[in-house]
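Data file: work_21.tsv. Format and content: TSV, C-alpha atoms.
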```tsv
chain	number	residue	atom	x	y	z
O	1	MET	CA	-77.79	-132.06	-319.45
O	2	SER	CA	-76.92	-130.61	-316.05
O	3	GLU	CA	-73.35	-129.70	-315.23
O	4	MET	CA	-71.44	-130.45	-312.04
O	5	HIS	CA	-70.58	-127.33	-310.12
O	6	THR	CA	-68.25	-127.07	-307.19
O	7	LEU	CA	-68.78	-125.26	-303.94
O	8	HIS	CA	-65.51	-124.29	-302.33
O	9	VAL	CA	-65.74	-123.54	-298.64
O	10	PHE	CA	-62.40	-122.42	-297.25
O	11	CYS	CA	-62.01	-122.86	-293.51
O	12	LEU	CA	-58.94	-121.46	-291.81
O	13	PHE	CA	-57.08	-123.73	-289.39
O	14	ASP	CA	-54.20	-121.83	-287.75
O	15	GLU	CA	-53.35	-119.63	-290.73
O	16	GLN	CA	-53.81	-122.46	-293.24
O	17	PHE	CA	-56.78	-122.86	-295.57
O	18	VAL	CA	-58.60	-126.17	-295.56
O	19	LEU	CA	-60.59	-126.82	-298.72
O	20	VAL	CA	-63.99	-128.41	-298.24
O	21	GLN	CA	-65.48	-129.28	-301.61
O	22	ALA	CA	-69.03	-130.35	-302.26
O	23	LEU	CA	-70.44	-131.11	-305.69
O	24	LEU	CA	-73.70	-129.43	-306.56
O	25	CYS	CA	-75.95	-130.56	-309.45
O	26	SER	CA	-77.51	-127.57	-311.16
O	27	SER	CA	-79.31	-126.92	-314.44
O	28	SER	CA	-77.61	-123.57	-314.82
O	29	ASN	CA	-74.13	-122.83	-316.09
O	30	LEU	CA	-73.27	-120.89	-312.96
O	31	ASN	CA	-70.16	-121.96	-311.06
O	32	LEU	CA	-70.88	-121.34	-307.40
O	33	THR	CA	-67.83	-120.47	-305.34
O	34	VAL	CA	-68.20	-119.38	-301.76
O	35	THR	CA	-65.22	-118.44	-299.63
O	36	ALA	CA	-65.51	-118.32	-295.85
O	37	ILE	CA	-62.53	-117.26	-293.80
O	38	LEU	CA	-62.71	-118.61	-290.29
O	39	LEU	CA	-60.91	-118.24	-287.03
O	40	LYS	CA	-57.72	-116.18	-286.95
O	41	MET	CA	-57.82	-114.59	-290.38
O	42	TYR	CA	-61.60	-114.38	-290.22
O	43	LEU	CA	-61.46	-112.54	-286.91
O	44	ASN	CA	-59.03	-110.00	-288.35
O	45	LEU	CA	-61.52	-108.96	-291.00
O	46	PRO	CA	-63.80	-105.93	-290.56
O	47	PHE	CA	-67.13	-106.77	-288.98
O	48	LEU	CA	-69.12	-106.21	-292.18
O	49	SER	CA	-66.80	-108.53	-294.10
O	50	GLN	CA	-67.21	-111.20	-291.43
O	51	PHE	CA	-70.97	-110.83	-291.57
O	52	PHE	CA	-71.04	-110.99	-295.37
O	53	LEU	CA	-68.87	-114.09	-295.58
O	54	LEU	CA	-70.83	-115.95	-292.94
O	55	THR	CA	-74.13	-115.03	-294.57
O	56	VAL	CA	-72.96	-116.28	-297.96
O	57	VAL	CA	-71.57	-119.54	-296.60
O	58	VAL	CA	-74.64	-120.29	-294.47
O	59	LYS	CA	-76.85	-119.69	-297.53
O	60	ALA	CA	-74.63	-121.94	-299.66
O	61	VAL	CA	-74.83	-124.76	-297.11
O	62	SER	CA	-78.63	-124.57	-296.97
O	63	ASP	CA	-78.80	-124.55	-300.79
O	64	LEU	CA	-76.69	-127.70	-300.94
O	65	CYS	CA	-78.95	-129.43	-298.46
O	66	LEU	CA	-82.06	-128.37	-300.37
O	67	HIS	CA	-80.51	-129.83	-303.53
O	68	LYS	CA	-80.06	-133.17	-301.71
O	69	MET	CA	-76.28	-132.71	-301.52
O	70	GLY	CA	-76.09	-132.74	-297.71
O	71	GLY	CA	-74.48	-136.16	-297.62
O	72	ASN	CA	-71.75	-135.10	-300.02
O	73	LEU	CA	-71.08	-131.91	-298.08
O	74	TYR	CA	-70.94	-133.82	-294.78
O	75	GLN	CA	-68.40	-136.28	-296.19
O	76	ARG	CA	-66.21	-133.49	-297.52
O	77	ILE	CA	-66.23	-131.65	-294.21
O	78	GLN	CA	-65.44	-134.91	-292.42
O	79	GLN	CA	-62.53	-135.67	-294.75
O	80	GLU	CA	-60.99	-132.23	-294.36
O	81	CYS	CA	-61.46	-132.21	-290.59
O	82	GLU	CA	-59.80	-135.61	-290.35
O	83	ARG	CA	-56.88	-134.49	-292.48
O	84	HIS	CA	-56.37	-131.43	-290.31
O	85	ILE	CA	-56.80	-133.19	-286.95
O	86	SER	CA	-54.40	-135.95	-287.96
O	87	ALA	CA	-51.77	-133.41	-289.03
O	88	LYS	CA	-52.15	-131.38	-285.84
O	89	LEU	CA	-51.74	-134.36	-283.53
O	90	GLN	CA	-48.85	-135.73	-285.56
O	91	SER	CA	-47.13	-132.35	-285.23
O	92	LEU	CA	-46.97	-132.95	-281.46
O	93	VAL	CA	-44.82	-136.07	-281.89
O	94	GLY	CA	-41.27	-135.43	-280.74
O	95	GLN	CA	-42.08	-132.00	-279.34
O	96	SER	CA	-40.63	-130.37	-276.20
O	97	LEU	CA	-39.09	-132.63	-273.56
O	98	ASP	CA	-40.36	-130.17	-270.95
O	99	LEU	CA	-43.67	-131.68	-269.87
O	100	VAL	CA	-45.19	-128.34	-268.84
O	101	VAL	CA	-44.38	-126.79	-272.22
O	102	PHE	CA	-45.70	-129.88	-273.99
O	103	LEU	CA	-48.98	-129.82	-272.05
O	104	SER	CA	-49.43	-126.16	-272.98
O	105	MET	CA	-48.98	-127.10	-276.65
O	106	VAL	CA	-51.58	-129.85	-276.34
O	107	GLU	CA	-53.97	-127.48	-274.58
O	108	LYS	CA	-53.65	-124.99	-277.44
O	109	CYS	CA	-54.24	-127.76	-279.98
O	110	TRP	CA	-57.39	-128.82	-278.12
O	111	GLN	CA	-58.71	-125.28	-277.66
O	112	ASP	CA	-58.13	-124.49	-281.34
O	113	PHE	CA	-59.94	-127.69	-282.30
O	114	CYS	CA	-62.94	-126.76	-280.15
O	115	ASP	CA	-63.08	-123.24	-281.60
O	116	GLN	CA	-62.82	-124.57	-285.15
O	117	MET	CA	-65.50	-127.22	-284.72
O	118	LEU	CA	-67.86	-124.71	-283.12
O	119	MET	CA	-67.34	-122.37	-286.07
O	120	ILE	CA	-67.88	-125.16	-288.61
O	121	ARG	CA	-70.98	-126.30	-286.75
O	122	GLY	CA	-72.23	-122.72	-286.73
O	123	ILE	CA	-71.97	-122.17	-290.48
O	124	ALA	CA	-73.26	-125.68	-291.23
O	125	LEU	CA	-76.09	-125.62	-288.70
O	126	TYR	CA	-78.64	-126.30	-291.42
O	127	LEU	CA	-76.71	-129.44	-292.35
O	128	ASP	CA	-76.79	-130.58	-288.72
O	129	ARG	CA	-80.52	-129.93	-288.46
O	130	THR	CA	-81.51	-131.64	-291.69
O	131	HIS	CA	-79.17	-134.25	-293.16
O	132	VAL	CA	-77.69	-135.36	-289.83
O	133	LYS	CA	-81.04	-135.68	-288.05
O	134	GLN	CA	-82.67	-137.39	-290.99
O	135	THR	CA	-79.88	-139.90	-291.60
O	136	PRO	CA	-79.44	-142.89	-289.24
O	137	ASN	CA	-76.02	-143.47	-287.66
O	138	VAL	CA	-74.63	-140.10	-288.72
O	139	ARG	CA	-73.02	-138.07	-285.96
O	140	SER	CA	-73.55	-134.36	-285.45
O	141	LEU	CA	-70.64	-132.27	-286.74
O	142	TRP	CA	-69.44	-131.70	-283.17
O	143	ASP	CA	-69.57	-135.40	-282.28
O	144	MET	CA	-67.94	-136.26	-285.59
O	145	GLY	CA	-65.07	-133.95	-284.72
O	146	LEU	CA	-64.69	-135.51	-281.26
O	147	GLN	CA	-64.66	-138.99	-282.77
O	148	LEU	CA	-61.92	-137.98	-285.20
O	149	PHE	CA	-59.84	-136.35	-282.46
O	150	ARG	CA	-60.22	-139.45	-280.27
O	151	LYS	CA	-59.30	-141.72	-283.18
O	152	HIS	CA	-56.14	-139.88	-284.13
O	153	LEU	CA	-55.04	-139.35	-280.54
O	154	SER	CA	-55.20	-143.13	-280.07
O	155	LEU	CA	-53.16	-143.48	-283.27
O	156	SER	CA	-50.48	-141.29	-281.66
O	157	PRO	CA	-49.70	-143.35	-278.53
O	158	GLU	CA	-46.53	-141.36	-277.85
O	159	VAL	CA	-48.55	-138.14	-277.62
O	160	GLU	CA	-51.30	-139.68	-275.48
O	161	ARG	CA	-48.78	-141.31	-273.14
O	162	LYS	CA	-46.85	-138.06	-272.78
O	163	ILE	CA	-50.02	-136.14	-271.95
O	164	VAL	CA	-50.95	-138.59	-269.18
O	165	THR	CA	-47.39	-138.66	-267.84
O	166	GLY	CA	-47.34	-134.87	-267.75
O	167	LEU	CA	-50.68	-134.63	-265.95
O	168	LEU	CA	-49.61	-137.17	-263.33
O	169	GLU	CA	-46.32	-135.34	-262.86
O	170	LEU	CA	-48.09	-132.01	-262.31
O	171	ILE	CA	-50.42	-133.49	-259.69
O	172	GLU	CA	-47.52	-135.12	-257.86
O	173	ARG	CA	-45.64	-131.81	-257.85
O	174	GLU	CA	-48.70	-130.18	-256.33
O	175	ARG	CA	-48.87	-132.86	-253.65
O	176	LEU	CA	-45.26	-132.06	-252.84
O	177	GLY	CA	-46.13	-128.41	-252.32
O	178	GLU	CA	-45.23	-126.92	-255.70
O	179	ALA	CA	-47.53	-124.39	-257.37
O	180	ILE	CA	-48.80	-125.67	-260.74
O	181	ASP	CA	-50.93	-124.38	-263.61
O	182	ARG	CA	-54.32	-125.79	-262.68
O	183	THR	CA	-55.93	-124.18	-265.72
O	184	VAL	CA	-53.95	-126.29	-268.19
O	185	LEU	CA	-54.54	-129.34	-266.00
O	186	GLY	CA	-58.29	-128.74	-265.91
O	187	HIS	CA	-58.59	-128.13	-269.65
O	188	LEU	CA	-56.77	-131.33	-270.56
O	189	LEU	CA	-58.76	-133.43	-268.10
O	190	LYS	CA	-61.95	-131.99	-269.58
O	191	MET	CA	-60.55	-132.97	-272.98
O	192	PHE	CA	-60.35	-136.62	-271.90
O	193	THR	CA	-63.87	-136.36	-270.48
O	194	ALA	CA	-65.23	-134.89	-273.72
O	195	LEU	CA	-63.49	-137.62	-275.72
O	196	GLY	CA	-65.01	-140.28	-273.46
O	197	THR	CA	-61.60	-141.69	-272.50
O	198	TYR	CA	-61.11	-140.15	-269.04
O	199	ALA	CA	-61.67	-143.30	-266.98
O	200	GLU	CA	-59.43	-145.63	-268.97
O	201	THR	CA	-56.78	-143.21	-270.19
O	202	PHE	CA	-56.31	-141.03	-267.11
O	203	GLU	CA	-58.22	-142.16	-264.02
O	204	LYS	CA	-56.80	-145.68	-263.90
O	205	PRO	CA	-53.10	-144.67	-263.94
O	206	PHE	CA	-53.92	-141.68	-261.70
O	207	LEU	CA	-55.33	-143.90	-258.96
O	208	GLU	CA	-52.36	-146.26	-259.29
O	209	ARG	CA	-49.94	-143.33	-258.97
O	210	THR	CA	-51.93	-142.01	-256.00
O	211	SER	CA	-51.74	-145.39	-254.28
O	212	ASP	CA	-47.96	-145.55	-254.76
O	213	PHE	CA	-47.49	-141.97	-253.56
O	214	TYR	CA	-49.45	-142.38	-250.33
O	215	ALA	CA	-48.08	-145.86	-249.67
O	216	SER	CA	-44.58	-144.38	-249.64
O	217	GLU	CA	-45.61	-141.32	-247.65
O	218	GLY	CA	-47.53	-143.36	-245.09
O	219	LEU	CA	-44.59	-145.68	-244.41
O	220	LYS	CA	-42.30	-142.69	-243.95
O	221	TYR	CA	-44.43	-140.54	-241.65
O	222	ILE	CA	-45.99	-143.26	-239.50
O	223	GLN	CA	-42.48	-144.04	-238.26
O	224	GLN	CA	-41.37	-140.42	-237.81
O	225	TRP	CA	-44.40	-138.78	-236.18
O	226	ASP	CA	-46.57	-139.41	-233.18
O	227	VAL	CA	-50.17	-140.45	-233.71
O	228	SER	CA	-51.58	-136.97	-233.20
O	229	ASP	CA	-49.39	-135.36	-235.88
O	230	TYR	CA	-49.88	-138.26	-238.26
O	231	LEU	CA	-53.68	-138.11	-238.04
O	232	LYS	CA	-53.63	-134.36	-238.63
O	233	HIS	CA	-51.54	-134.97	-241.74
O	234	VAL	CA	-53.99	-137.62	-242.98
O	235	GLU	CA	-56.89	-135.24	-242.50
O	236	MET	CA	-55.02	-132.54	-244.44
O	237	ARG	CA	-54.31	-134.94	-247.30
O	238	LEU	CA	-57.95	-136.00	-247.51
O	239	CYS	CA	-59.03	-132.35	-247.66
O	240	GLU	CA	-56.53	-131.74	-250.47
O	241	GLU	CA	-57.85	-134.66	-252.51
O	242	HIS	CA	-61.43	-133.46	-252.06
O	243	GLU	CA	-60.30	-130.05	-253.29
O	244	ARG	CA	-58.72	-131.58	-256.40
O	245	CYS	CA	-62.02	-133.23	-257.24
O	246	THR	CA	-63.71	-129.86	-256.95
O	247	LEU	CA	-61.11	-127.94	-258.96
O	248	TYR	CA	-60.13	-130.17	-261.87
O	249	LEU	CA	-60.78	-133.89	-261.48
O	250	ASP	CA	-63.96	-135.55	-262.71
O	251	ALA	CA	-66.62	-135.78	-260.00
O	252	ASN	CA	-66.75	-139.58	-260.34
O	253	THR	CA	-63.10	-139.78	-259.29
O	254	ARG	CA	-63.85	-138.54	-255.77
O	255	LYS	CA	-64.96	-141.84	-254.23
O	256	PRO	CA	-62.14	-144.10	-255.51
O	257	LEU	CA	-59.60	-141.35	-254.81
O	258	VAL	CA	-60.65	-140.93	-251.17
O	259	THR	CA	-60.83	-144.71	-250.74
O	260	THR	CA	-57.31	-145.12	-252.13
O	261	THR	CA	-55.93	-142.36	-249.91
O	262	GLU	CA	-57.57	-143.73	-246.75
O	263	LYS	CA	-56.40	-147.25	-247.52
O	264	GLN	CA	-52.74	-146.26	-247.85
O	265	LEU	CA	-52.61	-143.72	-245.02
O	266	LEU	CA	-54.95	-145.32	-242.47
O	267	GLU	CA	-55.97	-148.90	-243.21
O	268	ARG	CA	-52.42	-150.14	-243.82
O	269	HIS	CA	-51.26	-148.67	-240.52
O	270	THR	CA	-54.10	-149.60	-238.16
O	271	SER	CA	-51.90	-151.70	-235.88
O	272	THR	CA	-49.18	-149.08	-235.71
O	273	ILE	CA	-51.67	-146.31	-234.93
O	274	LEU	CA	-53.11	-148.40	-232.09
O	275	ASP	CA	-49.69	-149.40	-230.80
O	276	LYS	CA	-48.31	-145.86	-230.86
O	277	GLY	CA	-51.00	-144.18	-228.87
O	278	PHE	CA	-54.59	-144.40	-230.10
O	279	THR	CA	-55.67	-145.62	-226.66
O	280	MET	CA	-53.85	-142.67	-225.10
O	281	LEU	CA	-55.73	-140.25	-227.35
O	282	MET	CA	-59.03	-141.78	-226.27
O	283	ASP	CA	-58.09	-141.54	-222.60
O	284	LEU	CA	-57.14	-137.88	-223.08
O	285	LYS	CA	-60.37	-137.27	-225.01
O	286	SER	CA	-58.43	-135.70	-227.87
O	287	VAL	CA	-61.49	-135.20	-230.06
O	288	ASP	CA	-59.74	-133.22	-232.81
O	289	ASP	CA	-57.11	-135.90	-233.32
O	290	LEU	CA	-59.65	-138.70	-233.26
O	291	LYS	CA	-61.77	-137.10	-235.98
O	292	GLY	CA	-59.21	-138.14	-238.57
O	293	CYS	CA	-59.81	-141.79	-237.76
O	294	ILE	CA	-63.60	-141.75	-237.52
O	295	PRO	CA	-64.43	-142.25	-241.24
O	296	PHE	CA	-62.01	-145.18	-241.41
O	297	LEU	CA	-63.22	-146.80	-238.18
O	298	LEU	CA	-66.86	-146.62	-239.27
O	299	GLU	CA	-66.22	-148.65	-242.44
```

As C-alpha cells, how would this structure be written, given the file I've shared?
Amino acid sequence: MSEMHTLHVFCLFDEQFVLVQALLCSSSNLNLTVTAILLKMYLNLPFLSQFFLLTVVVKAVSDLCLHKMGGNLYQRIQQECERHISAKLQSLVGQSLDLVVFLSMVEKCWQDFCDQMLMIRGIALYLDRTHVKQTPNVRSLWDMGLQLFRKHLSLSPEVERKIVTGLLELIERERLGEAIDRTVLGHLLKMFTALGTYAETFEKPFLERTSDFYASEGLKYIQQWDVSDYLKHVEMRLCEEHERCTLYLDANTRKPLVTTTEKQLLERHTSTILDKGFTMLMDLKSVDDLKGCIPFLLE
C-alpha cells in the first residue's frame, strides 16, 4: 500500500518562512523534502546555492504535477499566500499617523508582494502551465495573488481609506506648489489599477476632490484677478492636470479630469469673464489670452 509523503516548500516572506505543503502519493518509502529559500534570505545565498535550490524546487513542482497532485499543490500555495497577505495588510492597521510615512509602508508591502508572487510563479511555472491551464475557473498564480490582495485590502477598510486619503492629500499638496514623492504616488496608483479597483476606489473620490479644489480656487481668483491673468492661470492648471495624467494617473482619467477642471474654472464663471473684459480682449486681439477660452467656447 502506498504511503503519503510530504513535500515541504519553504518560501521566505520578509525574513519569515511560509510553509507550503503538498501531499504526494508514492509507492516508495522515500520522504521527499525540498527547501527553497526565496527573496531576502534567498538572495543572500551564494549563487550556486541559489541555483541548486531553485533547480530542486522546480523539479519537485513538476514531479507533483506529473503525479496528478497539481490541484493539491495549488491549494496549499493559495492557503499560505492568503495567510501571509492577510497578516501583512492587518499589520498596517493603526500604523503611522503621518500619511507620507504610511504610504511608504504600503508601497513596500505592495512591492514585496509583487516580488514574492513573481518568485512563486517562477518556481511553480510548470503548475501554471499544466494544472491551471487544464482546469476551468482556476486563476494563474499571479492572478490568484492579486485576487487575495484585493480581497484582504477590502477587508481592511481603515487601511484602504487611509491609502486613498493619503494619495488625495499628496496631490492637493502638489497643486498648492509643494514638492511630493511622485514615485510612491505612481506605484500605489498602479497598485489600484492592477487590483482592478482604480476607478471605484480612487478615481471617483479624486474627481470629487478635484471639483471641490477648483471650485474654491475659481471663486477666489475670478474676483481678485483681471480676465487676462485669470485665463493664464486656467491654462496653467489645465497643463498641470495633463501632466499628472502622463506622470502617474491612469490614462482614462484624463478626459473626466480635464472636464472637471474646465467646468469649475471656466464654465461656472462664463458671465463674470464676459462682464470683466472678454469683449475688451477681443477688441485688443489678445490672442494669447483668448486661447485659454477656446476649448471651452467650442463645446

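For the pair atom CA of O:Thr130 and atom CA of O:Phe113, the interatomic distance is 23.9 Å.
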
Checklist entry - Suppose you want the space between atom CA of O:Arg209 and atom CA of O:Pro256; what is it in Å? => result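 For atom CA of O:Arg209 relative to atom CA of O:Pro256, the distance reads 12.7 Å.
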
Checklist entry - By how many Å are atom CA of O:Ser104 and atom CA of O:Val184 apart? => result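 Interatomic distance here is 6.6 Å.
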
Box dimensions and centre (Å, one decimal) enclosing stretch 159-178 of chain O, axis-aligned, 3 Å extra per side, as JSON:
```
{"center_x": -48.3, "center_y": -134.1, "center_z": -265.0, "size_x": 12.1, "size_y": 20.4, "size_z": 31.3}
```

Checklist entry - Pick the closest to O:Lys108 from O:Asn137, O:His187, O:Arg161, O:Ala124: which is it, counting all atoms listed in the file? => result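 For O:Lys108, the nearest of the given residues is O:His187.
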
Within 12 Å of O:Thr135, counting all atoms listed in the file, which residues show up once you throw out same-chain ones fewer than 6 positions away? Write them as a PDB file with C-alpha atoms, keeping the file's coordinate frame, please.
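Output file part.pdb is given in full below:
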```
ATOM      1  CA  GLY O  70     -76.090-132.740-297.710  1.00  0.00           C
ATOM      2  CA  GLY O  71     -74.480-136.160-297.620  1.00  0.00           C
ATOM      3  CA  TYR O  74     -70.940-133.820-294.780  1.00  0.00           C
ATOM      4  CA  LEU O 127     -76.710-129.440-292.350  1.00  0.00           C
ATOM      5  CA  ASP O 128     -76.790-130.580-288.720  1.00  0.00           C
ATOM      6  CA  ARG O 129     -80.520-129.930-288.460  1.00  0.00           C
TER       7      ARG O 129
END
```

Item to check | O:Thr201, O:Ser156, O:Gln134, O:Gln223 ranked by distance to O:Ser91, top pick (using all atoms listed in the file) | outcome: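 Distance minimum relative to O:Ser91 lands on O:Ser156.
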